[in-house]
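J.: Sharing coords-v3.txt here; it has compact mmCIF, C-alpha atoms.
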```txt
# COMPACT_ATOMS: atom_id res chain seq x y z
CA MET A 1199 241.47 44.95 97.77
CA GLN A 1200 241.02 43.28 94.38
CA ALA A 1201 240.33 40.03 96.24
CA PHE A 1202 237.16 41.44 97.79
CA GLU A 1203 235.95 42.64 94.41
CA ALA A 1204 236.27 39.07 93.18
CA LEU A 1205 234.54 37.64 96.25
CA GLY A 1206 231.80 40.26 96.32
CA ASP A 1207 229.69 38.43 93.75
CA PRO A 1208 227.52 35.51 95.02
CA VAL A 1209 228.06 33.55 91.80
CA ARG A 1210 231.83 33.65 92.24
CA ARG A 1211 231.54 32.69 95.92
CA ARG A 1212 229.38 29.70 94.91
CA ILE A 1213 231.95 28.67 92.28
CA LEU A 1214 234.65 28.65 94.95
CA GLU A 1215 232.43 26.51 97.20
CA LEU A 1216 232.03 23.99 94.36
CA LEU A 1217 235.76 23.91 93.69
CA ALA A 1218 236.51 23.49 97.40
CA GLY A 1219 235.35 19.89 96.98
CA GLY A 1220 237.95 19.21 94.28
CA GLU A 1221 238.92 19.96 90.70
CA ARG A 1222 235.99 20.42 88.26
CA SER A 1223 235.61 21.06 84.57
CA ALA A 1224 234.23 24.33 83.25
CA GLY A 1225 231.20 22.45 81.96
CA ALA A 1226 230.49 20.82 85.33
CA VAL A 1227 230.75 24.16 87.12
CA GLY A 1228 228.57 25.77 84.46
CA GLY A 1229 225.90 23.09 84.82
CA VAL A 1230 225.54 23.81 88.52
CA ILE A 1231 225.65 27.59 88.22
CA ARG A 1232 223.19 27.70 85.33
CA THR A 1233 220.73 25.61 87.35
CA GLU A 1234 221.09 27.64 90.56
CA PHE A 1235 221.42 31.18 89.17
CA GLY A 1236 219.72 30.97 85.77
CA ILE A 1237 222.61 32.55 83.87
CA SER A 1238 224.19 31.52 80.56
CA GLN A 1239 227.38 29.51 80.06
CA PRO A 1240 229.23 32.57 78.64
CA ALA A 1241 228.32 34.45 81.83
CA VAL A 1242 229.70 31.57 83.91
CA SER A 1243 232.88 31.70 81.85
CA ARG A 1244 233.26 35.41 82.62
CA HIS A 1245 232.99 34.70 86.36
CA LEU A 1246 235.60 31.95 86.05
CA ARG A 1247 237.89 34.37 84.20
CA VAL A 1248 237.55 36.94 87.01
CA LEU A 1249 238.46 34.30 89.59
CA ARG A 1250 241.38 33.13 87.47
CA ASP A 1251 242.68 36.66 86.83
CA SER A 1252 242.46 37.48 90.55
CA GLY A 1253 244.37 34.32 91.41
CA PHE A 1254 241.59 32.47 93.25
CA VAL A 1255 241.51 29.55 90.80
CA THR A 1256 243.92 27.79 88.50
CA VAL A 1257 243.06 26.09 85.23
CA ARG A 1258 244.69 23.30 83.26
CA ALA A 1259 243.85 21.55 80.00
CA ASP A 1260 242.79 17.89 80.00
CA GLY A 1261 242.16 16.96 76.38
CA THR A 1262 239.25 19.12 75.29
CA ARG A 1263 238.28 20.00 78.86
CA ARG A 1264 239.49 22.86 81.04
CA LEU A 1265 239.75 21.83 84.69
CA TYR A 1266 239.54 24.44 87.44
CA ALA A 1267 240.85 24.20 91.02
CA VAL A 1268 241.02 26.51 94.06
CA GLU A 1269 244.27 28.42 94.65
CA SER A 1270 244.71 28.94 98.40
CA ALA A 1271 247.21 31.85 98.44
CA PRO A 1272 244.69 34.69 97.82
CA LEU A 1273 242.37 33.22 100.47
CA GLN A 1274 245.24 33.28 102.93
CA GLU A 1275 245.84 36.95 102.09
CA VAL A 1276 242.17 37.70 102.79
CA ASP A 1277 242.43 35.86 106.10
CA ILE A 1278 245.52 37.88 107.07
CA TRP A 1279 243.76 41.15 106.21
CA LEU A 1280 240.71 40.17 108.31
CA GLU A 1281 242.92 39.32 111.28
CA ARG A 1282 243.11 42.96 112.38
CA PHE A 1283 239.31 43.07 112.73
CA ARG A 1284 238.82 39.84 114.65
CA ARG A 1285 239.32 41.60 117.96
CA PHE A 1286 236.03 43.45 117.38
CA TRP A 1287 233.88 40.37 117.03
CA ASN A 1288 235.96 38.36 119.52
CA ARG A 1289 235.23 41.04 122.14
CA HIS A 1290 231.50 40.59 121.55
CA LEU A 1291 231.82 36.80 121.67
CA ASP A 1292 233.75 37.02 124.95
CA THR A 1293 230.94 39.15 126.39
CA LEU A 1294 228.36 36.67 125.18
CA GLY A 1295 230.40 33.83 126.65
CA ALA A 1296 230.50 35.53 130.03
CA GLU A 1297 226.72 36.06 129.91
CA LEU A 1298 226.09 32.42 129.05
CA ALA A 1299 228.65 30.97 131.48
CA PRO A 1300 226.18 30.33 134.33
CA ARG A 1301 223.89 28.48 131.93
CA ARG A 1302 226.75 26.53 130.42
CA THR A 1303 227.77 25.16 133.80
CA ARG A 1304 224.33 23.60 134.03
CA ALA A 1305 224.24 22.46 130.39
CA PRO A 1306 225.38 18.98 129.33
CA GLU A 1307 228.97 19.03 128.04
CA THR A 1308 228.96 15.79 126.04
CA ALA A 1309 226.88 14.36 123.22
CA ARG A 1310 225.54 11.77 125.65
CA GLY A 1311 224.58 14.53 128.06
CA GLN A 1312 222.86 16.47 125.28
CA ARG A 1313 220.85 13.38 124.38
CA ARG A 1314 219.74 13.04 128.00
CA ALA A 1315 218.78 16.72 127.98
CA ALA A 1316 216.76 16.25 124.79
CA ALA A 1317 214.92 13.33 126.39
CA ARG A 1318 213.98 15.68 129.24
CA GLY A 1319 212.64 18.23 126.75
CA GLN A 1320 215.51 20.73 127.07
CA THR A 1321 216.58 22.82 124.09
CA PRO A 1322 219.87 21.60 122.56
CA LEU A 1323 222.70 24.10 122.33
CA ASN A 1324 222.85 24.06 118.53
CA GLU A 1325 219.13 24.39 117.80
CA GLU A 1326 217.65 27.79 117.06
CA ARG A 1327 213.91 28.44 117.39
CA GLY A 1328 213.03 24.91 116.36
CA ARG A 1329 215.27 24.87 113.28
CA HIS A 1330 218.40 22.81 112.97
CA VAL A 1331 221.49 24.94 112.46
CA ILE A 1332 223.50 22.99 109.88
CA ASP A 1333 226.87 24.04 108.49
CA ILE A 1334 226.02 22.87 104.99
CA VAL A 1335 229.39 23.44 103.31
CA ASN A 1336 231.33 21.64 106.05
CA GLN A 1337 228.81 18.77 106.10
CA ILE A 1338 229.23 18.29 102.35
CA ASN A 1339 233.02 18.51 102.53
CA ALA A 1340 233.14 16.09 105.49
CA THR A 1341 232.24 13.15 103.23
CA HIS A 1342 234.48 11.44 100.69
CA ARG A 1343 232.52 9.95 97.76
CA GLU A 1344 233.53 7.48 95.07
CA ILE A 1345 232.19 4.75 92.80
CA GLY A 1346 233.71 1.39 93.73
CA ASP A 1347 233.60 -2.30 92.80
CA LEU A 1348 232.36 -4.22 95.87
CA PRO A 1349 231.23 -7.77 94.96
CA VAL A 1350 227.70 -8.89 95.84
CA ALA A 1351 226.38 -12.39 96.50
CA THR A 1352 225.61 -12.91 92.79
CA GLY A 1353 229.04 -11.80 91.56
CA ARG A 1354 230.55 -8.50 90.45
CA GLY A 1355 229.15 -5.39 92.08
CA ARG A 1356 229.17 -1.67 91.48
CA SER A 1357 229.08 0.40 94.65
CA LEU A 1358 228.69 3.88 96.05
CA LEU A 1359 231.23 4.51 98.81
CA LEU A 1360 230.91 7.26 101.42
CA ARG A 1361 233.53 7.89 104.09
CA ARG A 1362 233.50 10.42 106.93
CA THR A 1363 234.78 10.87 110.49
CA TYR A 1364 232.54 11.36 113.53
CA ASP A 1365 233.56 13.08 116.74
CA ALA A 1366 232.41 10.13 118.83
CA SER A 1367 233.93 6.91 120.13
CA ILE A 1368 233.71 3.77 118.03
CA GLU A 1369 231.55 2.21 120.76
CA ASP A 1370 229.09 5.12 120.55
CA VAL A 1371 228.87 4.98 116.75
CA TRP A 1372 228.50 1.18 116.81
CA SER A 1373 225.65 1.48 119.29
CA ALA A 1374 223.94 4.15 117.16
CA CYS A 1375 224.10 1.81 114.15
CA THR A 1376 222.91 -1.37 115.92
CA ASP A 1377 220.65 -0.41 118.85
CA PRO A 1378 217.01 -0.43 117.57
CA ASP A 1379 215.95 2.50 119.76
CA ARG A 1380 218.88 4.64 118.63
CA ILE A 1381 218.52 3.69 114.95
CA GLY A 1382 214.95 4.98 115.06
CA ARG A 1383 216.14 8.37 116.26
CA TRP A 1384 218.36 9.16 113.27
CA LEU A 1385 217.44 6.81 110.39
CA ALA A 1386 213.96 5.27 110.78
CA PRO A 1387 212.05 3.04 113.21
CA ILE A 1388 213.21 -0.55 112.76
CA ASP A 1389 211.63 -3.95 113.47
CA GLY A 1390 212.83 -7.51 113.09
CA ASP A 1391 215.12 -10.20 114.41
CA LEU A 1392 218.27 -8.12 114.70
CA ARG A 1393 220.99 -10.77 114.71
CA PRO A 1394 223.13 -12.45 112.02
CA GLY A 1395 220.79 -14.42 109.79
CA GLY A 1396 217.77 -12.47 111.02
CA THR A 1397 215.68 -10.01 109.05
CA TYR A 1398 214.90 -6.33 109.56
CA GLN A 1399 212.49 -3.74 108.18
CA LEU A 1400 212.94 0.04 108.32
CA LYS A 1401 209.66 1.96 108.40
CA ASN A 1402 208.80 3.29 104.92
CA ASN A 1403 212.24 2.23 103.76
CA ALA A 1404 214.31 -0.85 102.95
CA GLY A 1405 214.35 -4.26 104.60
CA GLY A 1406 216.45 -7.36 104.26
CA THR A 1407 218.66 -9.92 105.95
CA ILE A 1408 221.53 -9.30 108.36
CA LEU A 1409 224.53 -11.01 106.76
CA ARG A 1410 227.35 -10.10 109.16
CA CYS A 1411 227.67 -8.32 112.51
CA GLU A 1412 231.20 -8.10 113.94
CA GLU A 1413 231.26 -5.71 116.91
CA PRO A 1414 232.43 -2.96 116.76
CA HIS A 1415 233.78 -2.91 113.20
CA LEU A 1416 231.44 -4.38 110.57
CA ILE A 1417 227.75 -4.61 109.71
CA LYS A 1418 226.57 -6.07 106.38
CA VAL A 1419 222.94 -6.45 105.27
CA THR A 1420 220.93 -7.03 102.15
CA TRP A 1421 219.04 -3.87 101.18
CA VAL A 1422 215.75 -4.50 99.41
CA LEU A 1423 213.32 -1.69 98.62
CA GLY A 1424 209.94 -2.79 97.23
CA GLU A 1425 210.19 -5.29 94.38
CA GLY A 1426 213.47 -3.90 93.11
CA MET A 1427 216.74 -5.73 92.72
CA ASN A 1428 218.54 -7.03 95.80
CA THR A 1429 221.44 -4.84 96.85
CA GLU A 1430 223.84 -4.98 99.79
CA VAL A 1431 225.01 -2.35 102.28
CA GLU A 1432 228.21 -2.70 104.29
CA VAL A 1433 229.15 -0.35 107.14
CA ARG A 1434 232.75 -0.41 108.38
CA LEU A 1435 234.00 1.40 111.50
CA ALA A 1436 237.60 2.14 112.49
CA HIS A 1437 239.29 4.15 115.22
CA GLY A 1438 240.06 7.70 114.07
CA GLU A 1439 242.26 10.42 115.48
CA ASP A 1440 241.60 12.01 118.89
CA GLY A 1441 239.10 9.33 119.87
CA GLY A 1442 236.90 9.81 116.80
CA THR A 1443 235.50 7.15 114.47
CA VAL A 1444 235.93 6.70 110.71
CA LEU A 1445 232.79 5.30 109.09
CA GLU A 1446 232.68 3.83 105.60
CA LEU A 1447 229.32 2.98 104.04
CA GLU A 1448 229.34 1.05 100.77
CA HIS A 1449 226.10 0.28 98.91
CA ALA A 1450 226.68 -2.36 96.23
CA SER A 1451 224.42 -3.59 93.40
CA PRO A 1452 224.99 -6.20 90.66
CA ALA A 1453 227.44 -4.58 88.23
CA GLU A 1454 225.71 -5.66 85.01
CA ILE A 1455 222.38 -4.17 86.13
CA VAL A 1456 223.91 -0.86 87.24
CA ASP A 1457 225.98 -0.48 84.07
CA GLU A 1458 222.93 -1.21 81.89
CA LEU A 1459 220.82 1.33 83.79
CA VAL A 1460 223.53 3.97 83.40
CA ARG A 1461 223.85 3.24 79.66
CA THR A 1462 220.08 3.46 79.20
CA TYR A 1463 219.02 6.24 81.57
CA GLY A 1464 222.23 8.01 82.59
CA PRO A 1465 223.72 8.29 86.09
CA GLY A 1466 220.91 10.36 87.66
CA GLY A 1467 219.56 7.49 89.75
CA THR A 1468 223.03 6.77 91.10
CA ILE A 1469 223.37 10.40 92.17
CA GLY A 1470 219.97 10.19 93.85
CA ILE A 1471 220.97 7.11 95.87
CA GLY A 1472 224.21 8.77 96.92
CA SER A 1473 222.37 11.90 98.03
CA GLY A 1474 220.02 9.76 100.10
CA TRP A 1475 222.96 8.25 101.96
CA ASP A 1476 224.48 11.72 102.44
CA LEU A 1477 221.32 12.73 104.30
CA ALA A 1478 221.42 9.55 106.39
CA LEU A 1479 225.02 10.24 107.44
CA LEU A 1480 224.09 13.83 108.26
CA GLY A 1481 221.29 12.49 110.46
CA LEU A 1482 223.78 10.25 112.26
CA ASP A 1483 226.08 13.24 112.82
CA LEU A 1484 223.27 15.36 114.30
CA PHE A 1485 222.20 12.46 116.52
CA LEU A 1486 225.74 11.83 117.81
CA ARG A 1487 226.07 15.55 118.56
CA GLY A 1488 222.89 15.44 120.64
CA THR A 1489 220.54 17.32 118.29
CA PRO A 1490 217.04 15.83 118.47
CA PHE A 1491 215.07 15.71 115.21
CA ASP A 1492 212.38 13.63 113.52
CA PRO A 1493 214.00 11.52 110.76
CA GLU A 1494 210.56 10.96 109.17
CA SER A 1495 209.89 14.66 108.51
CA TRP A 1496 213.16 16.61 108.77
CA GLU A 1497 213.93 16.37 105.04
CA ASP A 1498 211.31 19.07 104.43
CA ALA A 1499 213.47 21.62 106.27
CA PRO A 1500 214.91 24.22 103.83
CA GLU A 1501 218.52 23.72 104.96
CA VAL A 1502 218.21 19.94 104.54
CA LYS A 1503 216.87 20.44 101.01
CA GLU A 1504 219.84 22.73 100.34
CA LEU A 1505 222.21 20.06 101.62
CA ALA A 1506 220.54 17.44 99.41
CA THR A 1507 220.96 19.73 96.41
CA ARG A 1508 224.64 20.29 97.10
CA SER A 1509 225.09 16.58 97.73
CA CYS A 1510 223.84 15.82 94.22
CA HIS A 1511 226.45 18.21 92.85
CA ALA A 1512 229.16 16.75 95.09
CA TRP A 1513 228.65 13.31 93.53
CA GLY A 1514 229.49 14.75 90.10
CA PRO A 1515 233.29 14.17 90.13
CA ALA A 1516 232.86 10.56 91.31
CA ILE A 1517 230.32 9.89 88.56
CA GLN A 1518 232.57 11.38 85.89
CA ALA A 1519 235.59 9.44 87.16
CA ALA A 1520 233.67 6.15 87.05
CA TRP A 1521 231.83 6.44 83.74
CA GLY A 1522 233.47 9.30 81.84
CA THR A 1523 230.11 11.08 81.74
CA SER A 1524 230.00 14.16 79.51
CA ASP A 1525 229.47 17.53 81.16
CA ASP A 1526 225.99 17.89 79.62
CA ASP A 1527 224.90 14.40 80.70
CA LEU A 1528 226.30 15.02 84.16
CA ALA A 1529 224.37 18.28 84.48
CA ALA A 1530 221.18 16.44 83.48
CA ALA A 1531 221.92 13.69 86.01
CA ILE A 1532 222.47 16.21 88.80
CA ALA A 1533 219.22 17.97 87.90
CA PHE A 1534 217.43 14.59 88.08
CA GLY A 1535 218.86 13.93 91.54
CA VAL A 1536 217.90 17.41 92.77
CA ARG A 1537 214.31 17.00 91.54
CA HIS A 1538 214.05 13.70 93.39
CA PHE A 1539 215.73 14.55 96.70
CA ALA A 1540 215.10 18.29 96.99
CA PRO A 1541 211.79 18.86 95.19
CA GLU A 1542 210.05 22.18 95.38
CA THR A 1543 206.98 21.95 97.58
CA PRO A 1544 203.78 24.03 97.47
CA GLY A 1545 204.35 27.21 99.38
CA ASP A 1546 208.11 27.37 98.82
CA ASP A 1547 209.27 30.93 98.22
CA ASN A 1548 211.65 30.67 95.30
CA GLY A 1549 211.78 34.36 94.54
```
Using structure tokens, write down the structure from this file.

T.:
Amino acid sequence: MQAFEALGDPVRRRILELLAGGERSAGAVGGVIRTEFGISQPAVSRHLRVLRDSGFVTVRADGTRRLYAVESAPLQEVDIWLERFRRFWNRHLDTLGAELAPRRTRAPETARGQRRAAARGQTPLNEERGRHVIDIVNQINATHREIGDLPVATGRGRSLLLRRTYDASIEDVWSACTDPDRIGRWLAPIDGDLRPGGTYQLKNNAGGTILRCEEPHLIKVTWVLGEGMNTEVEVRLAHGEDGGTVLELEHASPAEIVDELVRTYGPGGTIGIGSGWDLALLGLDLFLRGTPFDPESWEDAPEVKELATRSCHAWGPAIQAAWGTSDDDLAAAIAFGVRHFAPETPGDDNG
């Protein structure tokens, strides 16, 4: 099939992953691919042409830019072709399921049960040989990102907004975001007078004042890191479908300061902050699913670094929509965010 020829190249598969998050310009795609694969922009253009000619992507003109998007029909054709082979791997999965059935009857079935098992030192179902098994693409796509305009105490504010749904009750998510013991198991150990008007301090992280706490829907705090400017973080919870919970996190800073920083230094710092919150929301997801991990050291894990890298790229469309950033400046900003949140460490094998 021509489709498999198009999908057989890792560069083209990565391009489709990028476009799965939404429409992107050729320059934005090229900036990511050049960084990750070390190939030239003309080579990226050839890969885009193969995907376009095989029907996997569409392209439209927007002024001087060419915007690419995923076309689902060829992917559906691939899925239909693969359907005839699913019985082979399903048979093996059924056998594995039968083998594991006696263990599963003794294993905890809920996130709460998995947390109790972790406390007793049992191995969680989705941990493999001490490494967290993270579906990176789905974790990235689970979060909606945008640049907003949330006012702060001093006036106009510029904000980073993240929204995602958790497969947990609103009471469970509220508890995870307000109970000191539970906060320490996915974000960082916390101390302070945790009530409206009180103060808090996260270990090796931000501190501030608790401005509002309206169970189970709203938490708002000041967010002060070192001697930097005062910012504010607001977390909003709402009932989702099938008993889940929709969480919105909005981190706002004084608009005039943010706009001046972006004019002077570009949007790289903004991307870095957004990537940091992406990792925090991933930690909350793992915690709610019952996966124990150390929030003070887990960011060194290779798959978490990979997620941080892709998070920086995922903030690209929101940055461009807010500030009209050029493709070259956006690529530089993404590279800045990657260096900060997914740095290479001594001993990394980078081929």

J.: Would you kindly identify which residues have an atom no farther than 10 Å from (209.3, 0.5, 110.2), using only C-alpha atoms and the file's own coordinates, and write them out as a PDB file with C-alpha atoms, in the frame of the given file?

T.:
```
ATOM      1  CA  GLY A1382     214.950   4.980 115.060  1.00  0.00           C
ATOM      2  CA  ALA A1386     213.960   5.270 110.780  1.00  0.00           C
ATOM      3  CA  PRO A1387     212.050   3.040 113.210  1.00  0.00           C
ATOM      4  CA  ILE A1388     213.210  -0.550 112.760  1.00  0.00           C
ATOM      5  CA  ASP A1389     211.630  -3.950 113.470  1.00  0.00           C
ATOM      6  CA  GLY A1390     212.830  -7.510 113.090  1.00  0.00           C
ATOM      7  CA  TYR A1398     214.900  -6.330 109.560  1.00  0.00           C
ATOM      8  CA  GLN A1399     212.490  -3.740 108.180  1.00  0.00           C
ATOM      9  CA  LEU A1400     212.940   0.040 108.320  1.00  0.00           C
ATOM     10  CA  LYS A1401     209.660   1.960 108.400  1.00  0.00           C
ATOM     11  CA  ASN A1402     208.800   3.290 104.920  1.00  0.00           C
ATOM     12  CA  ASN A1403     212.240   2.230 103.760  1.00  0.00           C
ATOM     13  CA  ALA A1404     214.310  -0.850 102.950  1.00  0.00           C
ATOM     14  CA  GLY A1405     214.350  -4.260 104.600  1.00  0.00           C
TER      15      GLY A1405
END
```

J.: Calculate how many Å separate atom CA of Arg1232 of chain A from atom CA of Asp1527 of chain A, rounding to one decimal.

T.: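 According to the coordinates, atom CA of Arg1232 of chain A and atom CA of Asp1527 of chain A are separated by 14.2 Å.
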
J.: Report, in Å to a single decimal, how far apart atom CA of Arg1356 of chain A and atom CA of Leu1423 of chain A are.

T.: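 Separation of atom CA of Leu1423 of chain A and atom CA of Arg1356 of chain A: 17.4 Å.
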
J.: Using only C-alpha atoms for the distances, tell me which of A:Leu1265, A:Cys1411, A:Ala1224, A:Ala1453 is nearest to Gly1355 of chain A.

T.: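 Of A:Leu1265, A:Cys1411, A:Ala1224, A:Ala1453, the one nearest Gly1355 of chain A is A:Ala1453, counting only C-alpha atoms.
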
J.: List the neighbours of Glu1448 of chain A out to 7 Å using all atoms listed in the file; skip same-chain residues closer than 2 positions along the sequence, and give me the result as a list in words.

T.: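 So, after excluding close chain neighbours, the residues are Ser1357, Leu1358, Leu1359, Leu1360, Val1431, Glu1432, Val1433, Glu1446 and Ala1450 of chain A.
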
J.: Mind dumping a table of every segment 1456-1495 of chain A residue within 10 Å of segment 1362-1369 of chain A, with the nearest atom pair and its distance in Å to one decimal, using all atoms listed in the file, sorted by chain and rising number, as CSV?

T.:
```
residue,atom,partner,partner_atom,distance
A:Leu1479,CA,A:Arg1362,CA,8.5
A:Leu1482,CA,A:Tyr1364,CA,8.9
A:Asp1483,CA,A:Tyr1364,CA,6.8
A:Leu1486,CA,A:Ala1366,CA,7.0
A:Arg1487,CA,A:Asp1365,CA,8.1
```

J.: Next, write the just-selected residues to a file, as a JSON list (two decimals), in the coordinates of the input, keeping C-alpha atoms as the atom set.

T.:
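Saved the output as out_39.json:
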```json
[["chain", "number", "residue", "atom", "x", "y", "z"],
["A", 1479, "LEU", "CA", 225.02, 10.24, 107.44],
["A", 1482, "LEU", "CA", 223.78, 10.25, 112.26],
["A", 1483, "ASP", "CA", 226.08, 13.24, 112.82],
["A", 1486, "LEU", "CA", 225.74, 11.83, 117.81],
["A", 1487, "ARG", "CA", 226.07, 15.55, 118.56]]
```

J.: Just give me the gap between atom CA of Trp1475 of chain A and atom CA of Val1209 of chain A in Å, one decimal is fine.

T.: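 Computing the Euclidean distance for atom CA of Trp1475 of chain A and atom CA of Val1209 of chain A yields 27.7 Å.
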
J.: Measuring between all atoms listed in the file, which one of A:Asp1347, A:Ala1530, A:Asp1476, A:Val1419 shows the shortest distance to Ser1451 of chain A?

T.: A:Asp1347
